[in-house]
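work.cif, holding mmCIF, C-alpha atoms and all ligand atoms:
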```
data_structure
loop_
_atom_site.label_atom_id
_atom_site.label_comp_id
_atom_site.auth_asym_id
_atom_site.auth_seq_id
_atom_site.Cartn_x
_atom_site.Cartn_y
_atom_site.Cartn_z
CA MET A 1 -63.45 -14.26 -42.91
CA SER A 2 -65.78 -17.10 -43.90
CA LEU A 3 -64.26 -20.15 -45.59
CA GLU A 4 -66.32 -19.47 -48.69
CA ARG A 5 -65.00 -15.92 -48.93
CA ALA A 6 -61.42 -17.22 -48.51
CA ASP A 7 -61.97 -19.76 -51.33
CA GLU A 8 -63.34 -17.03 -53.54
CA LEU A 9 -60.30 -14.83 -52.91
CA MET A 10 -57.97 -17.76 -53.66
CA LEU A 11 -59.76 -18.33 -56.98
CA GLN A 12 -59.31 -14.68 -57.87
CA ASP A 13 -55.62 -14.80 -56.89
CA LYS A 14 -55.21 -17.78 -59.24
CA GLU A 15 -56.92 -16.01 -62.09
CA TYR A 16 -54.60 -12.99 -61.81
CA MET A 17 -51.50 -15.18 -61.56
CA ARG A 18 -52.65 -17.12 -64.63
CA ARG A 19 -52.87 -13.81 -66.49
CA ALA A 20 -49.35 -12.91 -65.29
CA ILE A 21 -48.10 -16.29 -66.64
CA GLU A 22 -49.74 -15.62 -70.01
CA LEU A 23 -48.04 -12.20 -70.14
CA ALA A 24 -44.66 -13.70 -69.22
CA LYS A 25 -44.85 -16.11 -72.20
CA LYS A 26 -44.84 -13.16 -74.59
CA GLY A 27 -41.16 -12.68 -73.78
CA THR A 28 -40.26 -16.16 -75.14
CA GLY A 29 -37.09 -16.03 -77.22
CA TRP A 30 -36.47 -12.32 -76.60
CA VAL A 31 -35.61 -12.11 -72.90
CA ASN A 32 -32.70 -14.60 -72.84
CA PRO A 33 -30.51 -14.90 -70.83
CA ASN A 34 -33.03 -13.28 -68.49
CA PRO A 35 -36.16 -15.05 -67.23
CA LYS A 36 -39.67 -14.69 -68.64
CA VAL A 37 -41.65 -12.72 -66.05
CA GLY A 38 -45.20 -11.30 -66.03
CA ALA A 39 -46.94 -8.96 -63.55
CA VAL A 40 -50.53 -7.82 -62.92
CA ILE A 41 -51.59 -5.03 -60.52
CA VAL A 42 -55.09 -5.28 -59.01
CA LYS A 43 -57.01 -2.77 -56.86
CA GLU A 44 -60.51 -3.23 -55.54
CA GLY A 45 -61.16 -6.13 -57.88
CA GLN A 46 -60.00 -4.25 -60.98
CA VAL A 47 -56.85 -4.84 -63.01
CA ILE A 48 -55.17 -1.41 -63.10
CA GLY A 49 -51.84 -2.37 -64.63
CA GLU A 50 -50.12 -5.20 -66.55
CA GLY A 51 -46.64 -5.81 -67.87
CA TYR A 52 -44.00 -8.36 -68.79
CA HIS A 53 -40.28 -8.51 -69.42
CA VAL A 54 -40.13 -7.82 -73.16
CA LYS A 55 -36.43 -8.01 -73.97
CA CYS A 56 -33.14 -8.48 -72.16
CA GLY A 57 -31.68 -5.09 -71.23
CA GLN A 58 -35.09 -3.45 -71.06
CA MET A 59 -37.31 -2.84 -68.01
CA HIS A 60 -38.57 -5.77 -65.94
CA ALA A 61 -42.18 -6.98 -65.75
CA GLU A 62 -42.96 -5.12 -62.50
CA ARG A 63 -41.74 -1.76 -63.81
CA ASN A 64 -43.61 -2.24 -67.08
CA ALA A 65 -46.80 -3.03 -65.13
CA ILE A 66 -46.29 0.11 -63.02
CA ALA A 67 -45.66 2.20 -66.15
CA SER A 68 -49.03 1.04 -67.53
CA LEU A 69 -51.00 2.10 -64.41
CA ARG A 70 -54.33 3.74 -65.07
CA ASP A 71 -54.80 4.64 -61.40
CA SER A 72 -52.71 5.09 -58.25
CA ALA A 73 -51.38 1.74 -57.01
CA GLU A 74 -51.63 2.83 -53.36
CA GLY A 75 -52.90 -0.18 -51.42
CA ALA A 76 -53.00 -2.46 -54.51
CA THR A 77 -51.86 -6.09 -54.92
CA MET A 78 -49.21 -7.12 -57.44
CA TYR A 79 -49.20 -10.67 -58.85
CA VAL A 80 -45.74 -11.47 -60.25
CA THR A 81 -44.47 -14.80 -61.60
CA MET A 82 -40.98 -14.37 -60.04
CA GLU A 83 -39.52 -12.74 -56.96
CA PRO A 84 -38.89 -9.04 -57.72
CA CYS A 85 -35.23 -8.12 -58.04
CA CYS A 86 -33.50 -5.85 -55.52
CA HIS A 87 -30.21 -5.21 -57.33
CA TYR A 88 -28.86 -2.84 -59.96
CA GLY A 89 -28.23 -4.90 -63.09
CA LYS A 90 -28.94 -3.52 -66.55
CA THR A 91 -32.03 -2.00 -64.88
CA PRO A 92 -32.79 -0.56 -61.38
CA PRO A 93 -34.37 -2.75 -58.63
CA CYS A 94 -38.06 -3.59 -59.02
CA THR A 95 -38.53 -3.66 -55.23
CA GLU A 96 -37.91 0.12 -55.11
CA ALA A 97 -40.61 0.83 -57.70
CA ILE A 98 -43.09 -1.42 -55.83
CA ILE A 99 -42.41 0.33 -52.51
CA GLU A 100 -42.42 3.86 -53.99
CA ASN A 101 -45.82 3.22 -55.58
CA GLY A 102 -47.38 2.13 -52.29
CA ILE A 103 -48.25 -1.42 -53.40
CA ALA A 104 -49.45 -3.12 -50.20
CA ARG A 105 -49.31 -6.81 -51.12
CA VAL A 106 -47.14 -8.84 -53.51
CA VAL A 107 -48.06 -12.39 -54.53
CA ILE A 108 -45.02 -14.24 -55.95
CA GLY A 109 -44.77 -17.48 -57.96
CA SER A 110 -41.12 -18.56 -58.45
CA LYS A 111 -38.10 -17.80 -56.31
CA ASP A 112 -35.26 -16.02 -58.13
CA PRO A 113 -32.16 -18.24 -57.71
CA ASN A 114 -29.89 -15.44 -58.99
CA PRO A 115 -27.42 -15.09 -56.06
CA LYS A 116 -27.87 -11.30 -56.33
CA VAL A 117 -31.58 -11.74 -55.48
CA ALA A 118 -32.36 -15.19 -53.89
CA GLY A 119 -34.70 -14.13 -51.09
CA LYS A 120 -33.29 -10.63 -50.70
CA GLY A 121 -36.08 -9.22 -52.89
CA VAL A 122 -38.74 -10.68 -50.59
CA GLN A 123 -36.84 -9.38 -47.55
CA ALA A 124 -36.60 -5.83 -48.94
CA LEU A 125 -40.37 -5.77 -49.51
CA ARG A 126 -41.14 -7.10 -46.02
CA ASP A 127 -38.71 -4.62 -44.43
CA ALA A 128 -40.72 -1.84 -46.09
CA GLY A 129 -43.96 -3.19 -44.62
CA VAL A 130 -45.27 -4.85 -47.81
CA GLU A 131 -47.24 -8.09 -47.26
CA VAL A 132 -45.64 -10.88 -49.30
CA VAL A 133 -47.16 -14.23 -50.32
CA GLU A 134 -44.50 -16.65 -51.62
CA ASP A 135 -44.61 -19.88 -53.70
CA PHE A 136 -48.06 -19.12 -55.10
CA MET A 137 -48.72 -21.42 -58.12
CA MET A 138 -45.00 -22.07 -57.99
CA ASP A 139 -44.98 -25.13 -60.27
CA GLU A 140 -46.82 -23.31 -63.05
CA CYS A 141 -44.53 -20.28 -62.68
CA ASP A 142 -41.36 -22.42 -62.50
CA ALA A 143 -42.40 -24.12 -65.75
CA LEU A 144 -41.80 -20.79 -67.53
CA ASN A 145 -38.08 -20.75 -66.85
CA PRO A 146 -36.17 -24.07 -66.89
CA ILE A 147 -33.55 -22.36 -69.07
CA PHE A 148 -33.01 -19.43 -66.70
CA PHE A 149 -32.88 -21.59 -63.55
CA HIS A 150 -30.23 -23.83 -65.10
CA TYR A 151 -28.16 -21.02 -66.57
CA ILE A 152 -28.14 -18.68 -63.55
CA THR A 153 -27.01 -21.46 -61.21
CA THR A 154 -24.50 -23.31 -63.48
CA LYS A 155 -23.48 -20.60 -65.99
CA HIS A 156 -23.73 -23.32 -68.67
CA PRO A 157 -26.41 -23.35 -71.38
CA TYR A 158 -29.51 -25.49 -70.88
CA VAL A 159 -29.16 -28.17 -73.56
CA MET A 160 -32.29 -29.54 -75.21
CA MET A 161 -31.76 -32.53 -77.47
CA LYS A 162 -34.33 -32.81 -80.24
CA TYR A 163 -34.90 -35.62 -82.68
CA ALA A 164 -37.68 -36.97 -84.87
CA MET A 165 -38.07 -40.69 -85.40
CA THR A 166 -40.46 -43.29 -86.71
CA ALA A 167 -42.42 -45.67 -84.47
CA ASP A 168 -39.57 -48.16 -85.03
CA GLY A 169 -36.93 -45.69 -83.82
CA LYS A 170 -35.42 -44.72 -87.20
CA ILE A 171 -34.40 -41.18 -88.20
CA ALA A 172 -33.94 -42.06 -91.89
CA THR A 173 -34.66 -44.95 -94.25
CA LYS A 174 -32.01 -47.57 -95.01
CA THR A 175 -30.89 -45.43 -97.98
CA GLY A 176 -30.27 -42.46 -95.65
CA ALA A 177 -33.25 -40.40 -96.89
CA SER A 178 -34.61 -38.41 -93.95
CA ARG A 179 -36.97 -35.82 -95.45
CA TRP A 180 -39.48 -35.91 -93.84
CA VAL A 181 -40.07 -38.14 -90.86
CA THR A 182 -42.72 -35.95 -89.19
CA GLY A 183 -45.50 -33.72 -90.51
CA PRO A 184 -45.58 -29.91 -91.00
CA GLU A 185 -47.01 -29.16 -87.52
CA ALA A 186 -44.05 -30.89 -85.85
CA ILE A 187 -41.65 -29.01 -88.11
CA HIS A 188 -43.32 -25.75 -87.09
CA LYS A 189 -42.85 -26.72 -83.44
CA VAL A 190 -39.13 -27.24 -84.06
CA HIS A 191 -38.92 -23.69 -85.43
CA GLU A 192 -40.58 -22.42 -82.24
CA MET A 193 -37.86 -24.23 -80.30
CA ARG A 194 -35.20 -22.59 -82.49
CA HIS A 195 -36.78 -19.25 -81.56
CA GLU A 196 -36.71 -20.08 -77.86
CA CYS A 197 -33.09 -21.30 -77.72
CA MET A 198 -30.24 -18.84 -78.13
CA SER A 199 -28.10 -21.35 -80.04
CA ILE A 200 -28.40 -24.52 -82.12
CA MET A 201 -25.77 -27.20 -82.71
CA VAL A 202 -25.25 -30.10 -85.12
CA GLY A 203 -22.32 -32.35 -86.05
CA VAL A 204 -20.45 -31.86 -89.32
CA ASP A 205 -21.82 -35.14 -90.75
CA THR A 206 -25.33 -33.67 -90.53
CA VAL A 207 -24.11 -30.61 -92.46
CA ILE A 208 -22.52 -32.83 -95.12
CA ALA A 209 -25.63 -35.05 -95.43
CA ASP A 210 -28.47 -32.47 -95.17
CA ASP A 211 -26.91 -29.04 -95.88
CA PRO A 212 -29.25 -27.40 -93.31
CA MET A 213 -29.79 -23.65 -92.71
CA LEU A 214 -30.53 -24.07 -88.97
CA ASN A 215 -32.37 -20.74 -88.90
CA CYS A 216 -35.79 -19.96 -87.44
CA ARG A 217 -38.44 -19.85 -90.16
CA ILE A 218 -41.54 -18.62 -88.31
CA GLU A 219 -43.04 -15.16 -88.47
CA GLY A 220 -41.56 -12.85 -85.85
CA GLY A 221 -38.95 -15.48 -84.94
CA ARG A 222 -35.40 -14.86 -83.76
CA ASN A 223 -32.46 -16.67 -85.34
CA PRO A 224 -30.20 -18.76 -83.08
CA VAL A 225 -26.39 -18.75 -83.07
CA ARG A 226 -25.52 -21.66 -85.40
CA ILE A 227 -22.82 -24.01 -84.13
CA VAL A 228 -21.20 -26.93 -85.98
CA CYS A 229 -19.10 -29.47 -84.11
CA ASP A 230 -16.35 -30.25 -86.60
CA SER A 231 -13.13 -31.51 -84.97
CA LYS A 232 -11.13 -31.82 -88.23
CA LEU A 233 -12.69 -28.86 -90.10
CA ARG A 234 -14.37 -31.00 -92.75
CA ILE A 235 -17.24 -28.55 -93.33
CA PRO A 236 -17.59 -27.76 -97.07
CA ASN A 237 -17.05 -24.09 -97.98
CA GLU A 238 -20.03 -24.43 -100.35
CA CYS A 239 -22.58 -25.47 -97.72
CA GLN A 240 -25.46 -23.13 -96.89
CA LEU A 241 -24.21 -22.40 -93.37
CA VAL A 242 -20.86 -21.10 -94.61
CA ARG A 243 -22.22 -19.35 -97.71
CA THR A 244 -24.80 -17.42 -95.67
CA ALA A 245 -22.59 -16.70 -92.62
CA ASP A 246 -21.85 -13.09 -93.60
CA GLU A 247 -25.47 -12.09 -94.20
CA TYR A 248 -26.98 -14.17 -91.35
CA ASP A 249 -28.33 -11.89 -88.60
CA SER A 250 -26.74 -13.97 -85.85
CA GLU A 251 -23.41 -15.78 -85.56
CA THR A 252 -22.19 -18.91 -87.34
CA VAL A 253 -19.56 -20.87 -85.40
CA VAL A 254 -17.45 -23.92 -86.28
CA VAL A 255 -15.93 -25.70 -83.29
CA CYS A 256 -12.79 -27.70 -84.03
CA ALA A 257 -10.43 -29.84 -81.94
CA ILE A 258 -6.94 -29.10 -83.17
CA GLU A 259 -4.11 -29.82 -80.79
CA GLY A 260 -1.61 -26.94 -80.59
CA LEU A 261 -3.94 -24.18 -81.76
CA PRO A 262 -4.86 -21.76 -78.96
CA ILE A 263 -7.90 -22.87 -76.93
CA GLY A 264 -11.06 -20.80 -77.20
CA GLU A 265 -11.90 -18.49 -80.06
CA VAL A 266 -9.19 -18.31 -82.71
CA ARG A 267 -9.16 -15.11 -84.73
CA PHE A 268 -7.07 -15.13 -87.86
CA THR A 269 -6.30 -11.44 -87.94
CA ASP A 270 -2.99 -9.64 -88.35
CA LYS A 271 -2.59 -10.16 -84.58
CA ALA A 272 -1.90 -13.81 -85.34
CA PRO A 273 0.23 -13.56 -88.50
CA ILE A 274 1.77 -16.93 -87.82
CA TYR A 275 -1.49 -18.65 -88.66
CA LEU A 276 -1.91 -16.58 -91.79
CA ASP A 277 1.43 -17.79 -93.08
CA TYR A 278 -0.01 -21.06 -94.27
CA GLU A 279 2.34 -21.14 -97.23
CA ASN A 280 4.98 -21.97 -94.60
CA THR A 281 7.52 -19.28 -95.53
CA ASN A 282 8.33 -18.67 -91.89
CA PRO A 283 10.23 -21.52 -90.11
CA LEU A 284 7.88 -21.41 -87.12
CA ALA A 285 4.86 -21.48 -89.42
CA LYS A 286 6.47 -24.43 -91.19
CA ALA A 287 6.86 -26.29 -87.91
CA LEU A 288 3.26 -25.45 -86.95
CA GLY A 289 2.09 -26.41 -90.41
CA LYS A 290 3.57 -29.89 -89.97
CA LYS A 291 1.86 -30.19 -86.64
CA PHE A 292 -1.50 -29.20 -88.08
CA GLY A 293 -1.43 -31.60 -91.00
CA GLY A 294 0.70 -29.69 -93.47
CA GLY A 295 -1.06 -26.39 -92.69
CA ASN A 296 -4.31 -27.56 -94.26
CA PHE A 297 -6.30 -27.00 -91.11
CA ILE A 298 -4.96 -23.48 -90.83
CA LYS A 299 -5.69 -22.73 -94.46
CA LYS A 300 -9.23 -24.02 -94.02
CA ALA A 301 -9.80 -22.10 -90.78
CA VAL A 302 -8.57 -18.84 -92.33
CA LYS A 303 -10.88 -19.34 -95.30
CA LEU A 304 -13.89 -19.98 -93.02
CA ASN A 305 -13.01 -16.93 -90.95
CA GLU A 306 -12.82 -14.81 -94.11
CA MET A 307 -16.30 -16.03 -95.05
CA GLY A 308 -17.73 -14.79 -91.74
CA VAL A 309 -17.55 -18.00 -89.70
CA ARG A 310 -16.18 -17.79 -86.15
CA ILE A 311 -13.75 -20.55 -85.15
CA PHE A 312 -13.62 -22.03 -81.64
CA ASN A 313 -11.03 -24.64 -80.68
CA PHE A 314 -11.70 -27.06 -77.80
CA PRO A 315 -9.64 -30.24 -78.30
CA GLY A 316 -10.62 -33.18 -76.07
CA HIS A 317 -8.54 -36.23 -75.15
CA ASP A 318 -10.25 -38.38 -77.78
CA GLY A 319 -9.45 -36.01 -80.67
CA ARG A 320 -13.04 -34.72 -80.60
CA VAL A 321 -14.47 -31.48 -79.31
CA ASN A 322 -14.48 -31.20 -75.51
CA LEU A 323 -18.19 -30.50 -75.06
CA ASN A 324 -17.93 -29.48 -71.41
CA MET A 325 -15.34 -26.82 -72.23
CA LEU A 326 -17.51 -25.64 -75.11
CA MET A 327 -20.54 -25.32 -72.79
CA GLU A 328 -18.49 -23.36 -70.29
CA TYR A 329 -17.33 -21.01 -73.03
CA LEU A 330 -20.84 -20.53 -74.47
CA GLY A 331 -22.06 -19.74 -70.95
CA SER A 332 -19.35 -17.08 -70.62
CA LEU A 333 -20.74 -15.51 -73.82
CA GLU A 334 -24.16 -15.36 -72.05
CA ILE A 335 -25.64 -18.05 -74.26
CA ASP A 336 -28.18 -19.62 -71.89
CA SER A 337 -29.61 -22.36 -74.11
CA LEU A 338 -28.67 -24.74 -76.90
CA LEU A 339 -30.86 -26.89 -79.13
CA LEU A 340 -28.97 -30.03 -80.15
CA GLU A 341 -30.25 -31.39 -83.47
CA GLY A 342 -27.97 -34.38 -83.99
CA GLY A 343 -26.66 -36.49 -85.53
CA GLY A 344 -26.51 -39.71 -83.60
CA ASN A 345 -22.80 -39.63 -82.68
CA LEU A 346 -22.88 -36.08 -81.34
CA ASN A 347 -26.11 -36.87 -79.46
CA GLU A 348 -24.44 -39.84 -77.79
CA SER A 349 -21.32 -37.84 -76.86
CA ALA A 350 -23.52 -35.14 -75.35
CA LEU A 351 -25.41 -37.72 -73.27
CA ARG A 352 -22.17 -39.38 -72.18
CA VAL A 353 -20.57 -36.15 -70.90
CA GLY A 354 -23.81 -35.23 -69.12
CA ILE A 355 -24.71 -31.91 -70.74
CA ILE A 356 -28.30 -32.80 -71.75
CA SER A 357 -31.04 -31.39 -69.49
CA GLU A 358 -34.05 -32.12 -71.67
CA MET A 359 -35.05 -34.26 -74.66
CA ARG A 360 -37.81 -33.43 -77.12
CA ILE A 361 -38.66 -36.60 -78.98
CA PHE A 362 -40.98 -36.43 -81.96
CA ILE A 363 -42.52 -39.77 -82.94
CA ALA A 364 -44.23 -40.25 -86.30
CA PRO A 365 -46.85 -43.02 -86.64
CA LYS A 366 -44.93 -44.78 -89.43
CA VAL A 367 -42.36 -47.52 -89.77
CA PHE A 368 -39.25 -47.63 -92.04
CA GLY A 369 -37.70 -50.98 -91.04
CA GLY A 370 -34.36 -52.20 -92.37
CA LYS A 371 -30.86 -51.30 -91.26
CA ALA A 372 -31.28 -47.57 -90.78
CA LYS A 373 -29.90 -44.85 -88.51
CA SER A 374 -31.27 -44.26 -85.04
CA PRO A 375 -31.22 -41.00 -83.06
CA ILE A 376 -28.45 -42.06 -80.69
CA GLU A 377 -25.47 -43.94 -82.14
CA GLY A 378 -21.91 -43.84 -80.76
CA ILE A 379 -20.61 -46.27 -78.17
CA GLY A 380 -23.71 -46.83 -76.04
CA VAL A 381 -23.87 -48.59 -72.69
CA ASP A 382 -23.45 -52.32 -71.96
CA ASN A 383 -25.74 -52.78 -69.04
CA PRO A 384 -29.36 -51.52 -68.78
CA ASN A 385 -28.64 -50.09 -65.34
CA MET A 386 -26.03 -47.82 -66.93
CA ALA A 387 -28.68 -46.16 -69.12
CA TYR A 388 -28.91 -42.36 -69.25
CA LYS A 389 -32.03 -41.75 -67.19
CA PHE A 390 -34.85 -39.29 -67.76
CA SER A 391 -38.40 -38.80 -66.56
CA PHE A 392 -41.42 -38.18 -68.78
CA ASP A 393 -42.47 -34.56 -68.30
CA ASP A 394 -45.15 -34.21 -70.94
CA VAL A 395 -46.73 -35.84 -74.00
CA GLU A 396 -48.41 -33.69 -76.62
CA ARG A 397 -50.07 -34.55 -79.88
CA ILE A 398 -48.69 -32.28 -82.63
CA GLY A 399 -50.57 -32.74 -85.90
CA SER A 400 -50.37 -36.46 -86.65
CA ASP A 401 -47.21 -36.91 -84.52
CA LEU A 402 -46.37 -37.05 -80.82
CA MET A 403 -43.90 -34.88 -78.93
CA ILE A 404 -42.54 -36.38 -75.73
CA THR A 405 -40.66 -34.10 -73.35
CA CYS A 406 -38.19 -35.82 -71.02
CA LYS A 407 -36.16 -34.19 -68.24
CA ARG A 408 -32.89 -35.52 -66.94
CA ILE A 409 -33.01 -37.16 -63.52
CA ASP A 410 -30.14 -35.65 -61.54
CA ASN A 411 -28.41 -38.27 -59.49
C1 LIG B 1 -37.60 -9.21 -62.01
N1 LIG B 1 -38.47 -9.03 -63.02
O1 LIG B 1 -39.03 -9.14 -65.17
C2 LIG B 1 -36.96 -10.01 -64.54
C3 LIG B 1 -36.07 -10.25 -63.46
O2 LIG B 1 -29.67 -6.96 -65.81
P1 LIG B 1 -31.09 -6.84 -65.36
O3 LIG B 1 -31.33 -5.55 -64.60
O4 LIG B 1 -32.11 -7.04 -66.45
O5 LIG B 1 -31.33 -7.99 -64.25
C4 LIG B 1 -31.38 -9.33 -64.65
C5 LIG B 1 -31.72 -10.19 -63.45
O6 LIG B 1 -32.95 -9.75 -62.89
C6 LIG B 1 -31.95 -11.66 -63.83
O7 LIG B 1 -30.76 -12.42 -63.73
C7 LIG B 1 -32.98 -12.09 -62.81
O8 LIG B 1 -32.36 -12.38 -61.57
C8 LIG B 1 -33.81 -10.83 -62.65
N2 LIG B 1 -34.89 -10.84 -63.66
N3 LIG B 1 -36.45 -9.87 -62.22
O9 LIG B 1 -37.86 -8.77 -60.88
C9 LIG B 1 -38.21 -9.38 -64.28
N4 LIG B 1 -36.65 -10.35 -65.81
ZN ZN B 2 -36.56 -6.55 -61.56
#
```

Could you render the structure as structure tokens?
Amino acid sequence: MSLERADELMLQDKEYMRRAIELAKKGTGWVNPNPKVGAVIVKEGQVIGEGYHVKCGQMHAERNAIASLRDSAEGATMYVTMEPCCHYGKTPPCTEAIIENGIARVVIGSKDPNPKVAGKGVQALRDAGVEVVEDFMMDECDALNPIFFHYITTKHPYVMMKYAMTADGKIATKTGASRWVTGPEAIHKVHEMRHECMSIMVGVDTVIADDPMLNCRIEGGRNPVRIVCDSKLRIPNECQLVRTADEYDSETVVVCAIEGLPIGEVRFTDKAPIYLDYENTNPLAKALGKKFGGGNFIKKAVKLNEMGVRIFNFPGHDGRVNLNMLMEYLGSLEIDSLLLEGGGNLNESALRVGIISEMRIFIAPKVFGGKAKSPIEGIGVDNPNMAYKFSFDDVERIGSDLMITCKRIDN
């Protein structure tokens, strides 16, 4: 083959993989905790089938592309953004469908780090005589799935910390007024991030100050699980999060840190009558009541539970929520991602315990000055070489503001 002809073929391969990437993006927010995957089937220079993973639990990209075939795929090439699976999960293996349909060549972008796949998909195809090209446009394909790669290998959610600040690093004015730092385009972007992440978390002080809804307000968006870190259960019953918990189409969770209460989710049902006895008529309840601050915590937790709020308890050594235990528990509930929206103390705790994988920093071209809050408060470090370190991944102009994406440097 001449060099020119080889270059031409490479360009075509790239064009089809780019199309597969575009298709994969359509699954954003709906496929979690699965990856976004797109597939294109090409025969004799014609696209004869296309598909993507639409929703977790439904068919994978490859099978959707095969289902859309307008022609026999015998001898065709499939371009797929991730290694085809070879296991029975919620759906049957994609490798089988590829082999059965006589696809001769498969061009793959990302590897699938799922231990059930991890190279075995490629092997199954090769064993059946299919030609496989690996790592094709791998960086572009990998960029689709930072959440999946993190979740499938650690079983903890991928935590994205988001904040919006002025050019002088303030998130509010000296009076505490924070609406609005950035413009409407940046706010829209935040709602896209709420759609993409399965859960969202704030500290109770943010709830008390701003009374946020934490839902996703874009057309066709999906609402995240709303989580409030609230060690002493200070959340007001009248706030929007609590008042709307029952009708909200996802979950609302308050995470407390109460020593002596069972660890994990606490359900105040008749299975746990001791906690319901917050009038302390039972001697054991009385003893517990003393331990929990005269039973006030229990009373509050029962009330929240009755209003549709789920209660998790993860006490840490410092009297605050143990964030690592919380991440582990969220992972066990198949929550693969969490958007952390402050405030400054919770942000700093999250950095300190090492759960942040990515930061999205919005910067508005304005200055507040004065003694005003900054995005990261808490204890902070003493020495510059103890800083929490990130690398710049991307800078985008969003309306009149900037969005900087930073990724944690693993050391
Ligand atoms: C593919 N193509 O489009 C996707 C893949 O429970 P299941 O059957 O949906 O399997 C989920 C696993 O399959 C997931 O963890 C990942 O390894 C792979 N996802 N694979 O070939 C796809 N979404
Ligand atoms: Zn599959």

Identify the residues within 9 Å of coordinate (-38.1, -7.0, -50.5) (same frame as the file), considering all atoms listed in the file, and give the answer as a PyMOL selection string. chain A and resi 83-86+95-96+99+119-128+130+132

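Among A:Lys36, A:Lys43, A:His150, A:His317, the residue with the shortest atom-to-atom distance to ligand LIG 1 (chain B), counting all atoms listed in the file, is A:Lys36.
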
So which residues are near ligand ZN 2 (chain B), meaning at most 12 Å away with all atoms listed in the file counted, given back as a short mmCIF file (atom, residue, chain, number, x, y, z; two decimals) with C-alpha atoms, keeping the file's coordinate frame?
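Just written: pocket19.cif:
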```
data_model
loop_
_atom_site.label_atom_id
_atom_site.label_comp_id
_atom_site.auth_asym_id
_atom_site.auth_seq_id
_atom_site.Cartn_x
_atom_site.Cartn_y
_atom_site.Cartn_z
CA ASN A 34 -33.03 -13.28 -68.49
CA PRO A 35 -36.16 -15.05 -67.23
CA LYS A 36 -39.67 -14.69 -68.64
CA VAL A 37 -41.65 -12.72 -66.05
CA GLY A 38 -45.20 -11.30 -66.03
CA ALA A 39 -46.94 -8.96 -63.55
CA GLY A 51 -46.64 -5.81 -67.87
CA TYR A 52 -44.00 -8.36 -68.79
CA HIS A 53 -40.28 -8.51 -69.42
CA CYS A 56 -33.14 -8.48 -72.16
CA GLY A 57 -31.68 -5.09 -71.23
CA GLN A 58 -35.09 -3.45 -71.06
CA MET A 59 -37.31 -2.84 -68.01
CA HIS A 60 -38.57 -5.77 -65.94
CA ALA A 61 -42.18 -6.98 -65.75
CA GLU A 62 -42.96 -5.12 -62.50
CA ARG A 63 -41.74 -1.76 -63.81
CA ASN A 64 -43.61 -2.24 -67.08
CA ALA A 65 -46.80 -3.03 -65.13
CA ILE A 66 -46.29 0.11 -63.02
CA VAL A 80 -45.74 -11.47 -60.25
CA THR A 81 -44.47 -14.80 -61.60
CA MET A 82 -40.98 -14.37 -60.04
CA GLU A 83 -39.52 -12.74 -56.96
CA PRO A 84 -38.89 -9.04 -57.72
CA CYS A 85 -35.23 -8.12 -58.04
CA CYS A 86 -33.50 -5.85 -55.52
CA HIS A 87 -30.21 -5.21 -57.33
CA TYR A 88 -28.86 -2.84 -59.96
CA GLY A 89 -28.23 -4.90 -63.09
CA LYS A 90 -28.94 -3.52 -66.55
CA THR A 91 -32.03 -2.00 -64.88
CA PRO A 92 -32.79 -0.56 -61.38
CA PRO A 93 -34.37 -2.75 -58.63
CA CYS A 94 -38.06 -3.59 -59.02
CA THR A 95 -38.53 -3.66 -55.23
CA GLU A 96 -37.91 0.12 -55.11
CA ALA A 97 -40.61 0.83 -57.70
CA ILE A 98 -43.09 -1.42 -55.83
CA ASP A 112 -35.26 -16.02 -58.13
CA ASN A 114 -29.89 -15.44 -58.99
CA LYS A 116 -27.87 -11.30 -56.33
CA VAL A 117 -31.58 -11.74 -55.48
CA GLY A 121 -36.08 -9.22 -52.89
CA VAL A 122 -38.74 -10.68 -50.59
#
```

Give the answer as one residue: which of A:Pro236, A:Gly203, A:Pro146, A:Pro184 has the shortest atom-to-atom distance to A:Met307, using all atoms listed in the file? A:Pro236

List the spatial neighbours of stretch 395-401 of chain A as an mmCIF file with C-alpha atoms, in the coordinates of the input - criterion: any atom at most 9 Å away, all atoms listed in the file, same-chain residues fewer than 3 positions off excluded.
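And here is the file that came out, selection.cif:
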```
data_model
loop_
_atom_site.group_PDB
_atom_site.id
_atom_site.type_symbol
_atom_site.label_atom_id
_atom_site.label_comp_id
_atom_site.auth_asym_id
_atom_site.auth_seq_id
_atom_site.Cartn_x
_atom_site.Cartn_y
_atom_site.Cartn_z
ATOM 1 C CA THR A 182 -42.720 -35.950 -89.190
ATOM 2 C CA GLY A 183 -45.500 -33.720 -90.510
ATOM 3 C CA PRO A 184 -45.580 -29.910 -91.000
ATOM 4 C CA GLU A 185 -47.010 -29.160 -87.520
ATOM 5 C CA ALA A 186 -44.050 -30.890 -85.850
ATOM 6 C CA LYS A 189 -42.850 -26.720 -83.440
ATOM 7 C CA PHE A 362 -40.980 -36.430 -81.960
ATOM 8 C CA ILE A 363 -42.520 -39.770 -82.940
ATOM 9 C CA ALA A 364 -44.230 -40.250 -86.300
ATOM 10 C CA PRO A 365 -46.850 -43.020 -86.640
ATOM 11 C CA PHE A 392 -41.420 -38.180 -68.780
ATOM 12 C CA ILE A 404 -42.540 -36.380 -75.730
ATOM 13 C CA THR A 405 -40.660 -34.100 -73.350
#
```

Env of A:Val225: 8 Å cut, atoms = only C-alpha atoms, seq-sep filter 5 positions within chain, self excluded. Answer as a PyMOL selection string. chain A and resi 198-200+250-253

What's around A:Met193 at 9 Å? Count all atoms listed in the file, leave out sequence neighbours fewer than 5 positions away in its own chain, and write the answer as a PyMOL selection string. chain A and resi 29+188+216+339
